[in-house]
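What follows is one structure encoded as structure tokens, with my remarks underneath.
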Protein chains: 2
Amino acid sequence: MNYFLAAATGDHTRVLLTLFIMLVAAKLMAELFERLRQPAVAGEILAGVIIGPSLLGWAAPSEITNILAEIGVIFLLFTVGLETKPTAIFKVGKQAGLVAVLGVVTPFLGGWLLMKGWGATGIEALFVGTAMVATSVGITARVLSGMGLLDAPTARIILGAAVIDDILGLLVLSIVSSMAAGTVNYLEILTTAGLAIGFTAFVALVGAPVVTRMAPRVERLGNGQGIFIFGLVLCLGLSVVAGYIGVAAIIGAFLAGMALAEAAEDNPKMHRQMSGVTEFLVPFFLVNIGMQLRLDVFRSSSVIVLCLLVTLVAVVTKLLGCGAGALNLGKRRAAQVGMGMVPRGEVGIIVAQIGLSLAVIGAELYGVVLFMAVATTVIAPPFLKLLYASEVAAREEIGPPDAGGIVASEDLCKIG
Amino acid sequence: MNYFLAAATGDHTRVLLTLFIMLVAAKLMAELFERLRQPAVAGEILAGVIIGPSLLGWAAPSEITNILAEIGVIFLLFTVGLETKPTAIFKVGKQAGLVAVLGVVTPFLGGWLLMKGWGATGIEALFVGTAMVATSVGITARVLSGMGLLDAPTARIILGAAVIDDILGLLVLSIVSSMAAGTVNYLEILTTAGLAIGFTAFVALVGAPVVTRMAPRVERLGNGQGIFIFGLVLCLGLSVVAGYIGVAAIIGAFLAGMALAEAAEDNPKMHRQMSGVTEFLVPFFLVNIGMQLRLDVFRSSSVIVLCLLVTLVAVVTKLLGCGAGALNLGKRRAAQVGMGMVPRGEVGIIVAQIGLSLAVIGAELYGVVLFMAVATTVIAPPFLKLLYASEVAAREEIGPPDAGGIVASEDLCKIG
């Protein structure tokens with residue numbers, strides 16, 4: 001090969017090959033899992049495990065895949081936010097707040113106690129407890145939207161509680177991380193907490209109404225796709241703001257989507273374009289997660305026992321904690337809320353990754369937390385379908401919701 | 001800021017901030033240029049110049065922006081390919097071949113002679129000649145599609161000739177680059193040429209019909225968005241193949257689009273999703289180009305004179321060379337074809353970038369070639385509109401084409 005060709009093909013072609021392998025593996029496993037009626041998300045993570053260094057070694061995490069994964073998870077949370085109207089959250093605010101707080105305290109204590117009992121160090125126990133805290137809005141939203149139930153009262157409570165949960169979870173994470181670094185600066189933690197809460201309140205109370213009012217004028221810009229372009233800009237912009245405030249970028253992306261939820265509601269074109277972006281980018285996030293798993297940690301039987309115990313505690317504590325917060329709605333609805341909060345998905349995994357990067361947890365505990373996050377994600381959907389069966393039956397009698405809603409939820413279905 | 005926050009926000013937030021600035025600048029300048037009835041592409045390149053190290057210094061090219069730019073240009077060429085049906089190219093193959101060959105030889109000689117006369121070194125003259133060779137399919141396709149004239153006979157000749165042009169141009173580039181490295185290996189050049197031609201012929205003759213026949217079955221996969229996902233996979237896949245064969249990745253992406261053109265023809269949903277991907281990623285390509293320009297080279301009056309001379313020669317040689325190849329169609333149509341081949345756009349810029357990375361041309365000549373590529377891109381569209389005025393008038397009498405075509409070309413309009 002001559003000089004130019006070597007120069008031109010070398011690095012970039014190899015990067016493109018990695019991305020190609022990741023995309024193909026993700027889409028194949030997603031298709032397989034959907035045919036087996038399992039969440040596509042789990043299939044795409046498994047795709048990463050298979051092609052990653054642990055098994056085939058066809059691809060490995062790198063700076064490039066990490067950035068694409070970050071952009072992917074940002075747009076994933078943005079599209080979840082797009083389905084979350086702030087007005088709908090406000091209506092269930094008090095109830096959602098109670099569910100969220102109980103859904104943070106119970107799993108954290110459960111995870112911490114279990115790990116202490118297992119003989120882990122204090123900081124390891126705190127990290128596993130933290131990983132138990134967050135709820136993956138994505139999975140439950142995807143299941144509910146697939147059933148056309150995103151506007152059911154308990155669905156709103158779940159989504160609202162999951163948002164509050166994420167914010168609380170990230171606060172817990174910042175506290176635990178600073179403990180891991182050997183110092184706890186209460187003033188900084190308070191500042192971060194204040195900024196995070198203020199940021200969320202500002203976007204929900206001021207940002208969303210302003211965006212909704214501006215929307216018709218924005219839509220005319222950019223050759224009539226102004227809302228889509230504005231969405232891209234707002235999503236990246238609030239992610240950056242969140243990063244500088246000290247909360248995770250995904251919180252900013254979620255809030256950006258929420259601010260645009262009303263404006264984009266009757267805009268199937270915008271949802272379609274956004275689904276193009278997420279279909280392309282989200283697989284890099286999920287596959288990258290799987291590629292970071294070291295399979296050999298599961299050779300030890302004690303690790304496998306710990307995986308099962310942690311998963312059991314993760315399911316039970318969310319179910320009981322969140323269910324208790326919604327008990328006033330009746331047992332069946334409390335069970336719906338509890339089960340809806342079980343999937344840990346991406347946020348639990350993000351905690352694990354930060355723990356790994358801080359060298360606070362090792363490859364074994366990373367594997368355990370990843371197992372828990374994936375297992376809770378796989379376990380919840382079938383139970384959710386059962387618990388919502390009578391609502392689905394009632395819906396089918398009165399007919400499906402309007403066409404705009406169908407397009408939106410159809411798109412959401414395919415996010416993972 | 002505590003340890004965790006610093007760890008979590010540091011690098012990734014800064015990368016996201018760069019991407020945010022690039023995206024906002026691109027979209028603002030695109031909007032401004034469209035209001036001034038100028039090509040959005042030129043506005044987005046200018047956005048890069050403004051925010052880049054040359055002026056404001058808000059963003060700079062990096063490994064990450066380079067990769068995103070590469071993915072962006074790949075999907076840009078893919079969507080251009082989507083509008084190019086191979087059967088339509090075959091019909092004009094002979095004529096397009098003649099136009100392409102004359103459109104390669106004349107500008108190359110013109111550029112080489114000009115630079116030799118200017119006193120440049122032999123290798124510099126060869127590089128400028130090479131940068132003159134390629135035609136940017138994107139710009140002309142965008143203008144023609146905006147007028148609903150992508151199926152006009154001269155439009156097909158232009159698109160066909162531009163494709164052949166690109167392949168010939170990349171062969172010239174590989175020869176000139178190997179000369180720059182001090183060795184010319186004729187066997188390798190012949191091998192690359194054979195592989196490139198064989199690859200193109202295989203995709204057009206075998207790939208496209210197979211894909212068209214498979215399409216209905218593919219569409220049912222991936223929750224009914226099988227064609228879109230297949231498009232993503234094929235686009236990355238053939239880009240990688242092209243890279244390994246030794247032609248530019250963009251050629252593979254273009255061919256992938258062409259193979260899918262018939263299958264995606266009546267699929268506005270797929271076009272919409274793909275436009276989401278290009279709207280997000282193409283700006284990174286265009287802004288990245290502008291960010292690499294060093295403005296201070298234009299302080300020298302001799303550089304400015306050279307810019308104007310090179311641009312003049314670039315316009316005249318394409319107009320005469322390509323026009324001569326289409327003279328049998330009558331003068332007006334020959335002028336349409338000649339003007340349609342004038343924009344150098346991305347491909348001329350890619351040549352400049354390779355020259356810069358090989359240290360064969362310096363910052364000044366890079367600036368000159370970039371100026372030529374942008375100037376030819378800005379100059380051509382208004383003339384094209386004039387030259388096609390009577391076709392547009394005739395179209396308006398018989399009414400617009402069918403709805404599917406409208407959606408597709410509407411999307412294409414917004415690529416840049």
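Just remember, in the structure tokens the first chain shown is A, the second B, etc., residues are 1-based per chain, and ligands are 1-based in the order shown.
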Exercise for the section: Just the residues within 8 Å of segment 73-90 of chain A, please, counting only C-alpha atoms, with nothing from its chain fewer than 4 positions along; format it as a ChimeraX atom specification. Expected result: /A:69,137-138,141,156-157,159-160,204,208,235-236,239,249-251,253-262,264,274,277-278,281-282,285,412,415
For Gln353 of chain A, please output as a PDB file with C-alpha atoms, in the first residue's frame all residues within 9 Å (counting only C-alpha atoms; exclusion window: fewer than 3 positions along the same chain).
```
ATOM      1  CA  ILE A 289     -21.270  -0.748  28.686  1.00  0.00           C
ATOM      2  CA  GLN A 292     -16.347  -2.938  29.828  1.00  0.00           C
ATOM      3  CA  GLY A 348     -26.854   2.232  38.012  1.00  0.00           C
ATOM      4  CA  ILE A 349     -24.259   1.431  35.396  1.00  0.00           C
ATOM      5  CA  ILE A 350     -22.988   5.008  35.366  1.00  0.00           C
ATOM      6  CA  LEU A 356     -14.418   1.772  38.629  1.00  0.00           C
ATOM      7  CA  SER A 357     -12.727   4.907  37.327  1.00  0.00           C
ATOM      8  CA  LEU A 358     -12.123   6.130  40.902  1.00  0.00           C
ATOM      9  CA  TYR A 366     -18.263  -3.709  38.687  1.00  0.00           C
TER      10      TYR A 366
END
```
Neighbouring residues of segment 191-196 of chain A were defined as those with any atom within 9 Å, considering only C-alpha atoms; residues of the same chain fewer than 5 positions away were excluded. Please report them as a short mmCIF file (atom, residue, chain, number, x, y, z; two decimals) with C-alpha atoms, in the first residue's frame.
```cif
data_model
loop_
_atom_site.label_atom_id
_atom_site.label_comp_id
_atom_site.auth_asym_id
_atom_site.auth_seq_id
_atom_site.Cartn_x
_atom_site.Cartn_y
_atom_site.Cartn_z
CA ILE A 167 -31.40 13.87 41.11
CA LEU A 168 -31.29 12.45 44.64
CA LEU A 171 -26.46 13.82 45.09
CA SER A 174 -21.44 13.06 44.87
CA TYR A 186 -20.55 19.71 53.35
CA ALA A 201 -37.01 23.92 39.03
CA ALA A 242 -25.50 20.34 34.08
CA ILE A 245 -23.13 22.80 37.82
CA GLY A 246 -21.88 19.43 39.00
CA VAL A 247 -24.79 17.13 38.15
CA MET B 1 -15.51 21.24 43.47
#
```
Problem - Which of B:Ala389, B:Met132, B:Leu187, B:Val369 sits closest to chain A [using only C-alpha atoms] - result: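 Closest candidate: B:Leu187.
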Exercise for the section: Find the residues around Phe127 of chain B up to 8 Å (only C-alpha atoms counted), leave out those fewer than 3 positions away in its own chain, and share them as an MDAnalysis selection string. Expected result: chainID B and resid 123:124 130:131 173 176 351:352 355 361
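Between Val104 of chain A and the candidates A:Ala25, A:Leu238, A:Leu150, A:Cys322, the tightest atom-to-atom separation, counting only C-alpha atoms, involves A:Cys322.
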